[in-house]
Each structure stands twice: as C-alpha cells, then as structure tokens.
Amino acid sequence: MDQDNYIRQLLHFLKESPTVFHAVHSICRLLMTRGFTELHENESWDTRTPGLYFIRRNGSSLVLLSLADDDFAGSGLRIAGAHTDSPALKIKPKPDMVNHGLLQMGVETYGGALLDPWFDRDLSIAGRVTWRNRDSSISSALIDFKRPVAVIPSLAIHLNRDANEQKKINKQTDLVPIVMQHSGEDSPDFAAIVREQLAREHNIREAEILDHELFLYDSQPAATVGIGQEFITGARLDNLLSCFSLATGLVDAEKPQNSLIVLNDHEEVGSLSTSGAQGPFLRSTLERLIPDSETRQRCIHRSLCISTDNAHGVHPNFADQHDKNHLPRLNMGPVIKYNANQRYATTGRTASFFRVLAEQADIPVQEFVMRSDLACGSTIGPITAGAIGIQTLDIGVPSLAMHSIREMAGAKDGWHLYRAMRTFFTAAHDQNMWQCLAE
Ligand SMILES: [Zn+2]
C-alpha cells in the first residue's frame with residue numbers, strides 16, 4: 001500500500017463507520033477478505049498455528065490474532081490496542097416529542113463531546129436495531145440512514161446577543177434535533193421511522209422494534225483539505241484512525257510474529273463494561289489462547305503493548321496551552337505520550353523501544369507531556385497495563401479539535417503510524433530492541 005492508497009482507504013473506512021458497531025463490522029469485513037476466521041466466545045476454540053483469527057464482543061469490540069507458532073513463552077506477543085468509540089449524541093429510548101409543529105428527538109451525550117460544533121450540521125442516524133419477527137424469532141442488524149435527516153439549529157444572534165462571548169449549552173434542552181415537520185394529526189412514532197429504514201435497508205417487513213442503539217453523526221464525509229491536501233478532517237478520527245492503521249498494519253505485515261490487536265469500546269466513558277478495556281475481554285482471550293498459566297505469564301513478560309490513541313497537536317492559535325518543549329506538529333509523526341502520574345503507561349524503556357522501531361520504519365517521532373498546571377487525559381494504555389501486567393507505551397497521531405464533530409489530523413501521520421505498526425508486527429526485528437524491555 002502507498003500513501004495515497006492508505007488515505008483513500010482510510011476515508012472510505014471512516015465513511016462506512018458512522019458508529020462503533022459499523023466500525024467493528026467494517027474491520028471484520030476487511031479481515032475476512034484477508035483470510036481471518038471468526039472465533040465465537042460461546043463455542044470451543046480451535047486455534048491452530050499458524051492461523052489468523054478474530055473475536056468480537058457486543059459487536060463493538062474486537063480482538064485480532066495473527067499466530068505464527070505456539071512458542072508463546074519464547075517469543076511473546078506483539079500487542080497493540082486502540083478504542084473503537086467516539087463522543088456522540090445517542091438517541092434516547094423514547095425520543096419522540098412534538099413542539100410547535102416539529103418532530104424532535106431527545107438525545108443523550110455519549111462521552112466528552114465538544115458540543116458547539118454539533119449545531120447547524122446536516123446530521124444522519126445510524127446504529128443497531130433489535131426486533132421481533134413475525135415467527136417470534138429475534139434479530140439485530142445495523143442501519144444507516146446515510147442521508148441528512150436531522151439538524152440542531154443555533155439560536156440566531158439577534159435572540160442571543162452574547163453568543164460570541166459566552167455560549168452555554170444545556171444538554172437536555174438546547175441539543176434536541178429537529179427531524180421532521182409534524183402535522184399534529186398522528187401521534188409521533190420513532191419506532192415507525194426505524195421500521196421503515198429496516199425495510200429499506202434489509203428488506204425486513206413487519207418487524208416489531210424491541211430496542212435500538214442509534215447515534216447522530218455528521219453526514220459530511222471525511223476529506224483531505226489544505227492547498228496541498230496536507231490534512232484530513234472528519235468525525236471519529238479519535239480513534240478510528242488508529243483502529244484502521246493497526247488493523248491494516250497487521251494484515252499487510254510480511255511474516256508477522258505472534259501478534260494481537262485489541263480494539264475496545266467505551267473508552268470515552270471510562271472503559272468499564274463487558275467490552276471495555278477495564279472489562280475482562282483481553283484477559284479472557286489470553287487465558288483461552290494460552291491456558292497454562294505459567295506459559296501465559298512468561299508470554300506476558302516477553303510482550304509489549306502499543307496503545308494507540310490520538311494526541312493533542314499544537315494549535316497555532318492556542319500554542320500556550322502546550323508545554324513549550326513539547327509541541328507536536330501535524331504531519332511530523334506519531335507522538336509518544338508521557339505522564340508521571342500514570343495517565344499514560346509509557347516508560348523510558350517502552351519509549352526507547354518505539355524510538356528504535358520508528359528508525360526501522362523510517363518515520364519521525366514526537367513527544368507530548370501535558371502542561372504541569374493542566375489535568376491530563378488518559379486512554380486504554382494504563383488500564384491494559386494495570387489489568388494484564390504487560391509493559392506498555394502510549395502513542396498517537398497529533399490532531400486538532402479532538403472530540404469535535406469534525407477533527408483534524410495530518411494526512412501523513414496515519415500513514416506513518418501504519419508503517420510503524422506494520423514494522424512492529426513483522427518478524428525480522430533487531431533483537432537489541434527487545435533488550436530495551438528486559439527486566
Ligand atoms: Zn481517544
């Protein structure tokens with residue numbers, strides 16, 4: 001894959017992945033075309049080596065396994081992780097409300113969304129629907145309206161003269177999207193709208209909608225921007241850009257070593273769920289893959305986890321929000337993230353490993369540490385390190401407008417990350433690198 005090809009495929013992946021469920025579905029589709037077999041958690045596993053496998057949980061988290069041999073104690077696992085979820089507006093269970101001749105939908109905010117950019121966007125709806133068929137069987141499927149069907153209009157400046165100085169957003173009352181004109185004769189019925197979409201997309205008739213997990217998203221697809229097309233803008237770059245770079249890095253790796261990628265849901269809300277990084281998904285996968293606990297522990301202590309999540313690039317209009325010696329720039333390579341208080345899991349040894357890896361992959365590297373007078377965010381790296389006891393480092397591509405409905409990253413940085421990960425999973429490594437990690 002070359003850089004143009006990578007960007008084209010990334011933009012396509014982002015378009016096909018408006019929700020966490022769609023993102024996992026898109027990656028599984030890629031894996032199946034590349035020879036991976038699905039293992040189901042409720043069945044017995046037949047993990048022959050060499051072999052390529054994936055396991056999904058809740059349709060929103062995913063583990064990828066590329067097994068070269070069964071010498072887990074001797075060679076460890078090359079592990080990488082990222083999160084599949086992004087801040088969004090989630091449609092409430094009973095969303096319908098009619099106000100002044102308009103049908104509106106109640107929404108909850110999911111995660112730490114930057115809310116102001118959600119106004120005046122052409123929004124669409126996507127997610128997972130569960131229904132009962134006429135024969136009483138129950139099914140689930142993904143739906144995606146794909147076209148603009150909702151909007152949250154701003155209040156005109158004439159009715160809010162202070163809007164440019166101080167805009168406060170009430171999540172309950174200000175963020176209620178308009179979805180259609182309503183005559184007032186029929187009672188509103190969101191389930192009927194969902195039922196019609198199910199019929200349109202999946203040809204399912206007479207479905208009794210039991211429940212839904214639907215999100216609003218910006219119908220404007222991700223794009224390259226800049227006079228020289230130097231940048232990418234789009235929703236969910238945090239952290240689907242990492243998910244895509246990890247997965248494609250593994251499937252494109254030549255003769256990969258024993259490798260594992262874990263893509264967790266619910267990072268944006270604290271990671272505690274059946275499918276989140278604080279849940280048992282990775283641990284139970286490792287226990288089933290390597291049932292003998294002595295072998296498993298030896299494997300863990302010969303392994304490294306690269307946790308990948310976007311970093312804050314320096315914003316030229318707000319550069320003083322950064323430490324002046326740590327100013328990650330767009331298109332200048334992945335960022336190693338440091339935090340003395342373990343909000344990031346990077347150690348001097350794991351960072352050194354990545355610096356040598358970056359040399360091998362011929363990509364630049366940058367560093368980020370939060371200003372000492374600002375609180376630092378976190379990610380799945382410290383959680384995974386804490387839960388499994390594996391040496392970990394946190395990296396990510398620099399980006400601007402994190403958690404906005406439209407984020408921005410350098411067009412080269414995803415490509416850099418892809419190359420770093422492809423090199424990480426590839427068998428031929430300088431053994432000195434692994435000595436960085438020797439205890
Ligand atoms: Zn993130």
# chains A, B, ... in the order shown; residues from 1 in each chain; ligands from 1
>>> residues_near_ligand(ligand="ligand 1", cutoff="10 Å", atoms="only C-alpha atoms and all ligand atoms", output="PyMOL selection string")
chain A and resi 82-87+236-242+267-268+308-311+377-380+396+402-403
>>> residues_around(residues="A:Val20", least_positions_apart="2", cutoff="9 Å", atoms="only C-alpha atoms", output="ChimeraX atom specification")
/A:17-18,22-25,59-61,84-86,127,265
>>> residues_around(residues="A:Trp45", least_positions_apart="3", cutoff="12 Å", atoms="only C-alpha atoms", output="JSON, numbers by chain")
{"A": [37, 38, 39, 40, 41, 42, 48, 53, 54, 55, 285, 287, 288, 289, 290, 291]}
>>> residues_around(residues="stretch 108-112 of chain A", least_positions_apart="5", cutoff="12 Å", atoms="only C-alpha atoms", output="PyMOL selection string")
chain A and resi 19-20+85-95+118+169-177+213-216+265-271+377+402-405
>>> write_last_selection(atoms="N, CA and C atoms", output="compact mmCIF listing (two decimals), in the first residue's frame")
# COMPACT_ATOMS: atom_id res chain seq x y z
N THR A 19 -20.76 4.56 13.34
CA THR A 19 -20.90 4.21 14.76
C THR A 19 -19.88 3.13 15.10
N VAL A 20 -19.75 2.88 16.39
CA VAL A 20 -18.82 1.85 16.87
C VAL A 20 -19.16 0.48 16.26
N ASP A 85 -14.76 3.59 20.09
CA ASP A 85 -15.87 4.53 20.30
C ASP A 85 -15.40 5.98 20.21
N SER A 86 -16.33 6.87 19.97
CA SER A 86 -16.06 8.31 19.90
C SER A 86 -17.23 9.05 20.54
N PRO A 87 -16.99 10.25 21.07
CA PRO A 87 -18.10 11.01 21.65
C PRO A 87 -19.18 11.25 20.59
N ALA A 88 -20.44 11.23 21.03
CA ALA A 88 -21.53 11.39 20.07
C ALA A 88 -22.81 11.73 20.82
N LEU A 89 -23.87 11.94 20.06
CA LEU A 89 -25.20 12.10 20.64
C LEU A 89 -25.98 10.83 20.36
N LYS A 90 -26.49 10.23 21.47
CA LYS A 90 -27.20 8.95 21.34
C LYS A 90 -28.69 9.19 21.53
N ILE A 91 -29.49 8.60 20.66
CA ILE A 91 -30.94 8.80 20.71
C ILE A 91 -31.51 8.06 21.92
N LYS A 92 -32.38 8.75 22.67
CA LYS A 92 -32.94 8.18 23.90
C LYS A 92 -33.92 7.05 23.56
N PRO A 93 -34.22 6.18 24.54
CA PRO A 93 -35.12 5.03 24.27
C PRO A 93 -36.48 5.47 23.72
N LYS A 94 -37.07 6.49 24.31
CA LYS A 94 -38.34 7.01 23.78
C LYS A 94 -38.11 8.47 23.41
N PRO A 95 -37.62 8.71 22.22
CA PRO A 95 -37.12 10.05 21.89
C PRO A 95 -38.17 11.04 21.40
N TRP A 118 -21.79 20.70 17.02
CA TRP A 118 -22.93 19.87 16.60
C TRP A 118 -24.09 20.71 16.06
N ILE A 169 -24.26 25.64 26.86
CA ILE A 169 -25.13 24.66 26.20
C ILE A 169 -25.75 23.75 27.25
N ASN A 170 -27.09 23.78 27.31
CA ASN A 170 -27.79 22.85 28.20
C ASN A 170 -28.05 21.56 27.43
N LYS A 171 -27.47 20.45 27.92
CA LYS A 171 -27.53 19.20 27.16
C LYS A 171 -28.95 18.65 27.03
N GLN A 172 -29.81 18.99 27.98
CA GLN A 172 -31.18 18.46 27.95
C GLN A 172 -32.06 19.29 27.01
N THR A 173 -31.92 20.62 27.06
CA THR A 173 -32.90 21.46 26.35
C THR A 173 -32.39 22.08 25.05
N ASP A 174 -31.08 22.29 24.93
CA ASP A 174 -30.55 23.02 23.76
C ASP A 174 -30.16 22.11 22.61
N LEU A 175 -29.98 20.82 22.89
CA LEU A 175 -29.39 19.92 21.90
C LEU A 175 -30.42 18.97 21.30
N VAL A 176 -31.66 19.41 21.17
CA VAL A 176 -32.71 18.49 20.72
C VAL A 176 -32.89 18.66 19.22
N PRO A 177 -32.50 17.69 18.42
CA PRO A 177 -32.56 17.87 16.97
C PRO A 177 -34.00 17.84 16.43
N GLU A 213 -29.95 1.14 19.50
CA GLU A 213 -28.77 1.88 19.96
C GLU A 213 -28.34 2.75 18.78
N LEU A 214 -28.96 3.91 18.67
CA LEU A 214 -28.78 4.76 17.49
C LEU A 214 -28.11 6.07 17.87
N PHE A 215 -27.25 6.53 16.98
CA PHE A 215 -26.47 7.74 17.23
C PHE A 215 -26.67 8.72 16.07
N LEU A 216 -26.53 10.00 16.39
CA LEU A 216 -26.46 11.01 15.33
C LEU A 216 -25.02 11.11 14.86
N ASP A 265 -14.35 -0.93 23.06
CA ASP A 265 -15.42 0.08 23.13
C ASP A 265 -15.33 0.80 24.49
N HIS A 266 -16.08 1.85 24.63
CA HIS A 266 -16.36 2.52 25.92
C HIS A 266 -15.17 3.23 26.56
N GLU A 267 -14.13 3.53 25.76
CA GLU A 267 -13.01 4.29 26.33
C GLU A 267 -13.46 5.69 26.72
N GLU A 268 -14.37 6.25 25.93
CA GLU A 268 -14.78 7.64 26.16
C GLU A 268 -15.65 7.79 27.40
N VAL A 269 -16.08 6.67 27.98
CA VAL A 269 -16.92 6.75 29.18
C VAL A 269 -16.30 5.94 30.33
N GLY A 270 -14.98 5.76 30.30
CA GLY A 270 -14.29 5.17 31.44
C GLY A 270 -13.88 3.72 31.28
N SER A 271 -14.29 3.07 30.19
CA SER A 271 -13.80 1.72 29.83
C SER A 271 -14.35 0.57 30.67
N GLY A 377 -5.53 13.96 30.20
CA GLY A 377 -6.48 12.90 29.84
C GLY A 377 -5.82 11.55 30.00
N MET A 402 -9.87 17.79 18.97
CA MET A 402 -10.25 16.47 19.47
C MET A 402 -11.63 16.53 20.13
N HIS A 403 -12.45 15.53 19.82
CA HIS A 403 -13.82 15.37 20.33
C HIS A 403 -14.82 16.35 19.71
N SER A 404 -14.39 17.10 18.70
CA SER A 404 -15.35 17.87 17.91
C SER A 404 -16.06 16.92 16.95
N ILE A 405 -17.14 17.40 16.32
CA ILE A 405 -17.81 16.58 15.31
C ILE A 405 -16.96 16.51 14.03
>>> atom_distance(atom1="atom CA of A:Leu437", atom2="atom CA of A:Thr350")
6.6 Å
>>> residues_around(residues="A:Ser245", least_positions_apart="4", cutoff="12 Å", atoms="only C-alpha atoms", output="MDAnalysis selection string")
chainID A and resid 1 3 6:7 9:11 13:14 27 80:82 237 239:241 249:253 261 263 308:310 334 396:397 412:423
>>> closest_residue(among="A:Gly106, A:Gly381, A:Pro221, A:Gly410", to="A:Ile306", atoms="only C-alpha atoms")
A:Gly381
>>> atom_distance(atom1="atom CA of A:Ala427", atom2="atom CA of A:Glu254")
7.5 Å
>>> atom_distance(atom1="atom CA of A:Trp434", atom2="atom CA of A:Ile383")
22.5 Å
>>> select_by_dssp(residues="stretch 291-320 of chain A", states="strand (DSSP E or B)", output="list in words")
Leu304, Cys305, Ile306, Ser307, Thr308, Ala311 and His312 of chain A
>>> write_last_selection(atoms="N, CA, C and O atoms", output="mmCIF file, in the first residue's frame")
data_model
loop_
_atom_site.group_PDB
_atom_site.id
_atom_site.type_symbol
_atom_site.label_atom_id
_atom_site.label_comp_id
_atom_site.auth_asym_id
_atom_site.auth_seq_id
_atom_site.Cartn_x
_atom_site.Cartn_y
_atom_site.Cartn_z
ATOM 1 N N LEU A 304 4.985 -6.762 24.478
ATOM 2 C CA LEU A 304 4.871 -5.307 24.600
ATOM 3 C C LEU A 304 3.520 -4.901 24.031
ATOM 4 O O LEU A 304 3.080 -5.446 23.014
ATOM 5 N N CYS A 305 2.870 -3.948 24.685
ATOM 6 C CA CYS A 305 1.605 -3.416 24.171
ATOM 7 C C CYS A 305 1.798 -1.972 23.732
ATOM 8 O O CYS A 305 2.230 -1.131 24.529
ATOM 9 N N ILE A 306 1.483 -1.687 22.492
ATOM 10 C CA ILE A 306 1.497 -0.301 21.996
ATOM 11 C C ILE A 306 0.050 0.186 21.970
ATOM 12 O O ILE A 306 -0.751 -0.255 21.146
ATOM 13 N N SER A 307 -0.281 1.053 22.902
ATOM 14 C CA SER A 307 -1.630 1.616 22.998
ATOM 15 C C SER A 307 -1.677 2.884 22.149
ATOM 16 O O SER A 307 -0.844 3.781 22.322
ATOM 17 N N THR A 308 -2.635 2.944 21.252
ATOM 18 C CA THR A 308 -2.630 3.993 20.229
ATOM 19 C C THR A 308 -3.900 4.825 20.303
ATOM 20 O O THR A 308 -5.001 4.288 20.170
ATOM 21 N N ALA A 311 -3.252 12.192 19.831
ATOM 22 C CA ALA A 311 -2.621 13.126 20.768
ATOM 23 C C ALA A 311 -3.023 14.556 20.388
ATOM 24 O O ALA A 311 -3.522 14.794 19.289
ATOM 25 N N HIS A 312 -2.772 15.504 21.305
ATOM 26 C CA HIS A 312 -3.076 16.901 21.013
ATOM 27 C C HIS A 312 -1.910 17.533 20.273
ATOM 28 O O HIS A 312 -0.844 17.762 20.861
#
>>> select_by_dssp(residues="stretch 197-234 of chain A", states="helix (DSSP H, G or I)", output="MDAnalysis selection string")
chainID A and resid 197:202
>>> write_last_selection(atoms="all heavy atoms", output="PDB file, in the first residue's frame")
ATOM      1  N   GLN A 197     -36.879   2.217   7.909  1.00  0.00           N
ATOM      2  CA  GLN A 197     -35.466   2.149   7.496  1.00  0.00           C
ATOM      3  C   GLN A 197     -34.990   0.702   7.416  1.00  0.00           C
ATOM      4  O   GLN A 197     -34.248   0.316   6.515  1.00  0.00           O
ATOM      5  CB  GLN A 197     -34.594   2.956   8.468  1.00  0.00           C
ATOM      6  CG  GLN A 197     -33.127   3.010   8.095  1.00  0.00           C
ATOM      7  CD  GLN A 197     -32.864   3.702   6.754  1.00  0.00           C
ATOM      8  OE1 GLN A 197     -33.689   4.487   6.265  1.00  0.00           O
ATOM      9  NE2 GLN A 197     -31.738   3.389   6.147  1.00  0.00           N
ATOM     10  N   LEU A 198     -35.450  -0.107   8.371  1.00  0.00           N
ATOM     11  CA  LEU A 198     -35.103  -1.537   8.385  1.00  0.00           C
ATOM     12  C   LEU A 198     -35.628  -2.219   7.113  1.00  0.00           C
ATOM     13  O   LEU A 198     -34.941  -3.050   6.505  1.00  0.00           O
ATOM     14  CB  LEU A 198     -35.737  -2.162   9.628  1.00  0.00           C
ATOM     15  CG  LEU A 198     -35.118  -3.409  10.243  1.00  0.00           C
ATOM     16  CD1 LEU A 198     -33.628  -3.233  10.514  1.00  0.00           C
ATOM     17  CD2 LEU A 198     -35.853  -3.745  11.544  1.00  0.00           C
ATOM     18  N   ALA A 199     -36.825  -1.852   6.710  1.00  0.00           N
ATOM     19  CA  ALA A 199     -37.409  -2.422   5.491  1.00  0.00           C
ATOM     20  C   ALA A 199     -36.600  -1.971   4.271  1.00  0.00           C
ATOM     21  O   ALA A 199     -36.284  -2.771   3.386  1.00  0.00           O
ATOM     22  CB  ALA A 199     -38.860  -1.979   5.362  1.00  0.00           C
ATOM     23  N   ARG A 200     -36.234  -0.681   4.255  1.00  0.00           N
ATOM     24  CA  ARG A 200     -35.493  -0.130   3.112  1.00  0.00           C
ATOM     25  C   ARG A 200     -34.116  -0.782   2.979  1.00  0.00           C
ATOM     26  O   ARG A 200     -33.699  -1.169   1.901  1.00  0.00           O
ATOM     27  CB  ARG A 200     -35.303   1.380   3.326  1.00  0.00           C
ATOM     28  CG  ARG A 200     -35.878   2.226   2.226  1.00  0.00           C
ATOM     29  CD  ARG A 200     -35.551   3.700   2.323  1.00  0.00           C
ATOM     30  NE  ARG A 200     -35.480   4.243   3.652  1.00  0.00           N
ATOM     31  CZ  ARG A 200     -36.466   4.881   4.284  1.00  0.00           C
ATOM     32  NH1 ARG A 200     -37.625   5.066   3.704  1.00  0.00           N
ATOM     33  NH2 ARG A 200     -36.309   5.362   5.500  1.00  0.00           N
ATOM     34  N   GLU A 201     -33.422  -0.920   4.118  1.00  0.00           N
ATOM     35  CA  GLU A 201     -32.027  -1.377   4.062  1.00  0.00           C
ATOM     36  C   GLU A 201     -31.891  -2.891   4.034  1.00  0.00           C
ATOM     37  O   GLU A 201     -30.984  -3.432   3.421  1.00  0.00           O
ATOM     38  CB  GLU A 201     -31.286  -0.863   5.301  1.00  0.00           C
ATOM     39  CG  GLU A 201     -30.195   0.107   4.989  1.00  0.00           C
ATOM     40  CD  GLU A 201     -29.461   0.573   6.219  1.00  0.00           C
ATOM     41  OE1 GLU A 201     -29.982   1.447   6.950  1.00  0.00           O
ATOM     42  OE2 GLU A 201     -28.368   0.070   6.467  1.00  0.00           O
ATOM     43  N   HIS A 202     -32.773  -3.587   4.755  1.00  0.00           N
ATOM     44  CA  HIS A 202     -32.603  -5.041   4.912  1.00  0.00           C
ATOM     45  C   HIS A 202     -33.799  -5.837   4.398  1.00  0.00           C
ATOM     46  O   HIS A 202     -33.846  -7.047   4.586  1.00  0.00           O
ATOM     47  CB  HIS A 202     -32.360  -5.390   6.390  1.00  0.00           C
ATOM     48  CG  HIS A 202     -31.115  -4.770   6.946  1.00  0.00           C
ATOM     49  ND1 HIS A 202     -29.857  -5.238   6.635  1.00  0.00           N
ATOM     50  CD2 HIS A 202     -30.927  -3.713   7.777  1.00  0.00           C
ATOM     51  CE1 HIS A 202     -28.947  -4.496   7.266  1.00  0.00           C
ATOM     52  NE2 HIS A 202     -29.573  -3.567   7.958  1.00  0.00           N
TER      53      HIS A 202
END
>>> residues_around(residues="A:Met433", least_positions_apart="3", cutoff="10 Å", atoms="only C-alpha atoms", output="list of chain:residue names")
A:Arg349, A:Thr350, A:Ser352, A:Phe353, A:Phe354, A:Arg355, A:Val356, A:Leu357, A:His429, A:Asp430, A:Cys436, A:Leu437, A:Ala438
>>> write_last_selection(atoms="C-alpha atoms", output="compact mmCIF listing (two decimals), in the first residue's frame")
# COMPACT_ATOMS: atom_id res chain seq x y z
CA ARG A 349 12.14 1.50 28.20
CA THR A 350 8.95 1.20 26.18
CA SER A 352 13.06 3.64 23.74
CA PHE A 353 11.68 0.55 22.02
CA PHE A 354 9.37 2.74 19.95
CA ARG A 355 12.15 5.16 19.03
CA VAL A 356 14.22 2.28 17.62
CA LEU A 357 11.13 0.86 15.89
CA HIS A 429 13.36 -7.15 14.26
CA ASP A 430 16.59 -6.01 15.71
CA CYS A 436 15.09 -2.37 25.97
CA LEU A 437 12.33 -4.25 27.74
CA ALA A 438 14.46 -6.83 29.57
>>> decode(residues="stretch 134-159 of chain A", atoms="N, CA and C atoms", output="PDB file, in the first residue's frame")
ATOM      1  N   ARG A 134     -42.122 -11.919  12.681  1.00  0.00           N
ATOM      2  CA  ARG A 134     -43.483 -12.472  12.759  1.00  0.00           C
ATOM      3  C   ARG A 134     -43.506 -13.878  13.366  1.00  0.00           C
ATOM      4  N   ASP A 135     -42.415 -14.651  13.144  1.00  0.00           N
ATOM      5  CA  ASP A 135     -42.354 -16.011  13.706  1.00  0.00           C
ATOM      6  C   ASP A 135     -41.797 -16.014  15.132  1.00  0.00           C
ATOM      7  N   SER A 136     -41.736 -14.852  15.785  1.00  0.00           N
ATOM      8  CA  SER A 136     -41.273 -14.672  17.171  1.00  0.00           C
ATOM      9  C   SER A 136     -39.760 -14.742  17.341  1.00  0.00           C
ATOM     10  N   SER A 137     -39.014 -15.035  16.273  1.00  0.00           N
ATOM     11  CA  SER A 137     -37.554 -15.011  16.405  1.00  0.00           C
ATOM     12  C   SER A 137     -37.103 -13.550  16.554  1.00  0.00           C
ATOM     13  N   ILE A 138     -35.943 -13.386  17.170  1.00  0.00           N
ATOM     14  CA  ILE A 138     -35.434 -12.032  17.447  1.00  0.00           C
ATOM     15  C   ILE A 138     -34.131 -11.824  16.685  1.00  0.00           C
ATOM     16  N   SER A 139     -33.998 -10.688  16.058  1.00  0.00           N
ATOM     17  CA  SER A 139     -32.819 -10.410  15.231  1.00  0.00           C
ATOM     18  C   SER A 139     -32.282  -9.019  15.549  1.00  0.00           C
ATOM     19  N   SER A 140     -31.009  -8.811  15.208  1.00  0.00           N
ATOM     20  CA  SER A 140     -30.384  -7.483  15.284  1.00  0.00           C
ATOM     21  C   SER A 140     -29.724  -7.181  13.950  1.00  0.00           C
ATOM     22  N   ALA A 141     -29.660  -5.923  13.590  1.00  0.00           N
ATOM     23  CA  ALA A 141     -28.925  -5.525  12.386  1.00  0.00           C
ATOM     24  C   ALA A 141     -28.502  -4.071  12.522  1.00  0.00           C
ATOM     25  N   LEU A 142     -27.547  -3.691  11.689  1.00  0.00           N
ATOM     26  CA  LEU A 142     -27.095  -2.303  11.674  1.00  0.00           C
ATOM     27  C   LEU A 142     -27.906  -1.532  10.638  1.00  0.00           C
ATOM     28  N   ILE A 143     -28.225  -0.302  10.970  1.00  0.00           N
ATOM     29  CA  ILE A 143     -28.868   0.563   9.972  1.00  0.00           C
ATOM     30  C   ILE A 143     -28.082   1.869   9.868  1.00  0.00           C
ATOM     31  N   ASP A 144     -28.211   2.511   8.730  1.00  0.00           N
ATOM     32  CA  ASP A 144     -27.530   3.787   8.498  1.00  0.00           C
ATOM     33  C   ASP A 144     -28.371   4.571   7.483  1.00  0.00           C
ATOM     34  N   PHE A 145     -28.971   5.658   7.940  1.00  0.00           N
ATOM     35  CA  PHE A 145     -29.821   6.448   7.038  1.00  0.00           C
ATOM     36  C   PHE A 145     -29.015   7.062   5.892  1.00  0.00           C
ATOM     37  N   LYS A 146     -27.722   7.281   6.128  1.00  0.00           N
ATOM     38  CA  LYS A 146     -26.765   7.780   5.125  1.00  0.00           C
ATOM     39  C   LYS A 146     -27.057   9.194   4.632  1.00  0.00           C
ATOM     40  N   ARG A 147     -28.310   9.639   4.642  1.00  0.00           N
ATOM     41  CA  ARG A 147     -28.615  10.991   4.149  1.00  0.00           C
ATOM     42  C   ARG A 147     -28.916  11.879   5.364  1.00  0.00           C
ATOM     43  N   PRO A 148     -28.855  13.208   5.195  1.00  0.00           N
ATOM     44  CA  PRO A 148     -29.154  14.099   6.318  1.00  0.00           C
ATOM     45  C   PRO A 148     -30.624  13.968   6.716  1.00  0.00           C
ATOM     46  N   VAL A 149     -30.893  13.711   7.997  1.00  0.00           N
ATOM     47  CA  VAL A 149     -32.278  13.568   8.455  1.00  0.00           C
ATOM     48  C   VAL A 149     -32.560  14.372   9.723  1.00  0.00           C
ATOM     49  N   ALA A 150     -31.560  15.064  10.254  1.00  0.00           N
ATOM     50  CA  ALA A 150     -31.773  15.810  11.499  1.00  0.00           C
ATOM     51  C   ALA A 150     -30.860  17.029  11.535  1.00  0.00           C
ATOM     52  N   VAL A 151     -31.283  18.033  12.291  1.00  0.00           N
ATOM     53  CA  VAL A 151     -30.449  19.229  12.437  1.00  0.00           C
ATOM     54  C   VAL A 151     -30.740  19.875  13.801  1.00  0.00           C
ATOM     55  N   ILE A 152     -29.694  20.433  14.399  1.00  0.00           N
ATOM     56  CA  ILE A 152     -29.855  21.187  15.659  1.00  0.00           C
ATOM     57  C   ILE A 152     -29.531  22.641  15.327  1.00  0.00           C
ATOM     58  N   PRO A 153     -30.550  23.458  15.026  1.00  0.00           N
ATOM     59  CA  PRO A 153     -30.250  24.832  14.615  1.00  0.00           C
ATOM     60  C   PRO A 153     -29.768  25.671  15.800  1.00  0.00           C
ATOM     61  N   SER A 154     -28.813  26.555  15.539  1.00  0.00           N
ATOM     62  CA  SER A 154     -28.397  27.536  16.553  1.00  0.00           C
ATOM     63  C   SER A 154     -29.527  28.521  16.789  1.00  0.00           C
ATOM     64  N   LEU A 155     -29.486  29.187  17.901  1.00  0.00           N
ATOM     65  CA  LEU A 155     -30.367  30.334  18.127  1.00  0.00           C
ATOM     66  C   LEU A 155     -29.724  31.541  17.438  1.00  0.00           C
ATOM     67  N   ALA A 156     -30.533  32.291  16.677  1.00  0.00           N
ATOM     68  CA  ALA A 156     -29.991  33.442  15.927  1.00  0.00           C
ATOM     69  C   ALA A 156     -29.299  34.435  16.873  1.00  0.00           C
ATOM     70  N   ILE A 157     -28.283  35.076  16.354  1.00  0.00           N
ATOM     71  CA  ILE A 157     -27.506  36.032  17.168  1.00  0.00           C
ATOM     72  C   ILE A 157     -28.399  37.165  17.699  1.00  0.00           C
ATOM     73  N   HIS A 158     -29.447  37.515  16.923  1.00  0.00           N
ATOM     74  CA  HIS A 158     -30.360  38.608  17.341  1.00  0.00           C
ATOM     75  C   HIS A 158     -31.136  38.252  18.595  1.00  0.00           C
ATOM     76  N   LEU A 159     -31.275  36.927  18.862  1.00  0.00           N
ATOM     77  CA  LEU A 159     -32.015  36.480  20.048  1.00  0.00           C
ATOM     78  C   LEU A 159     -31.074  36.070  21.175  1.00  0.00           C
TER      79      LEU A 159
END
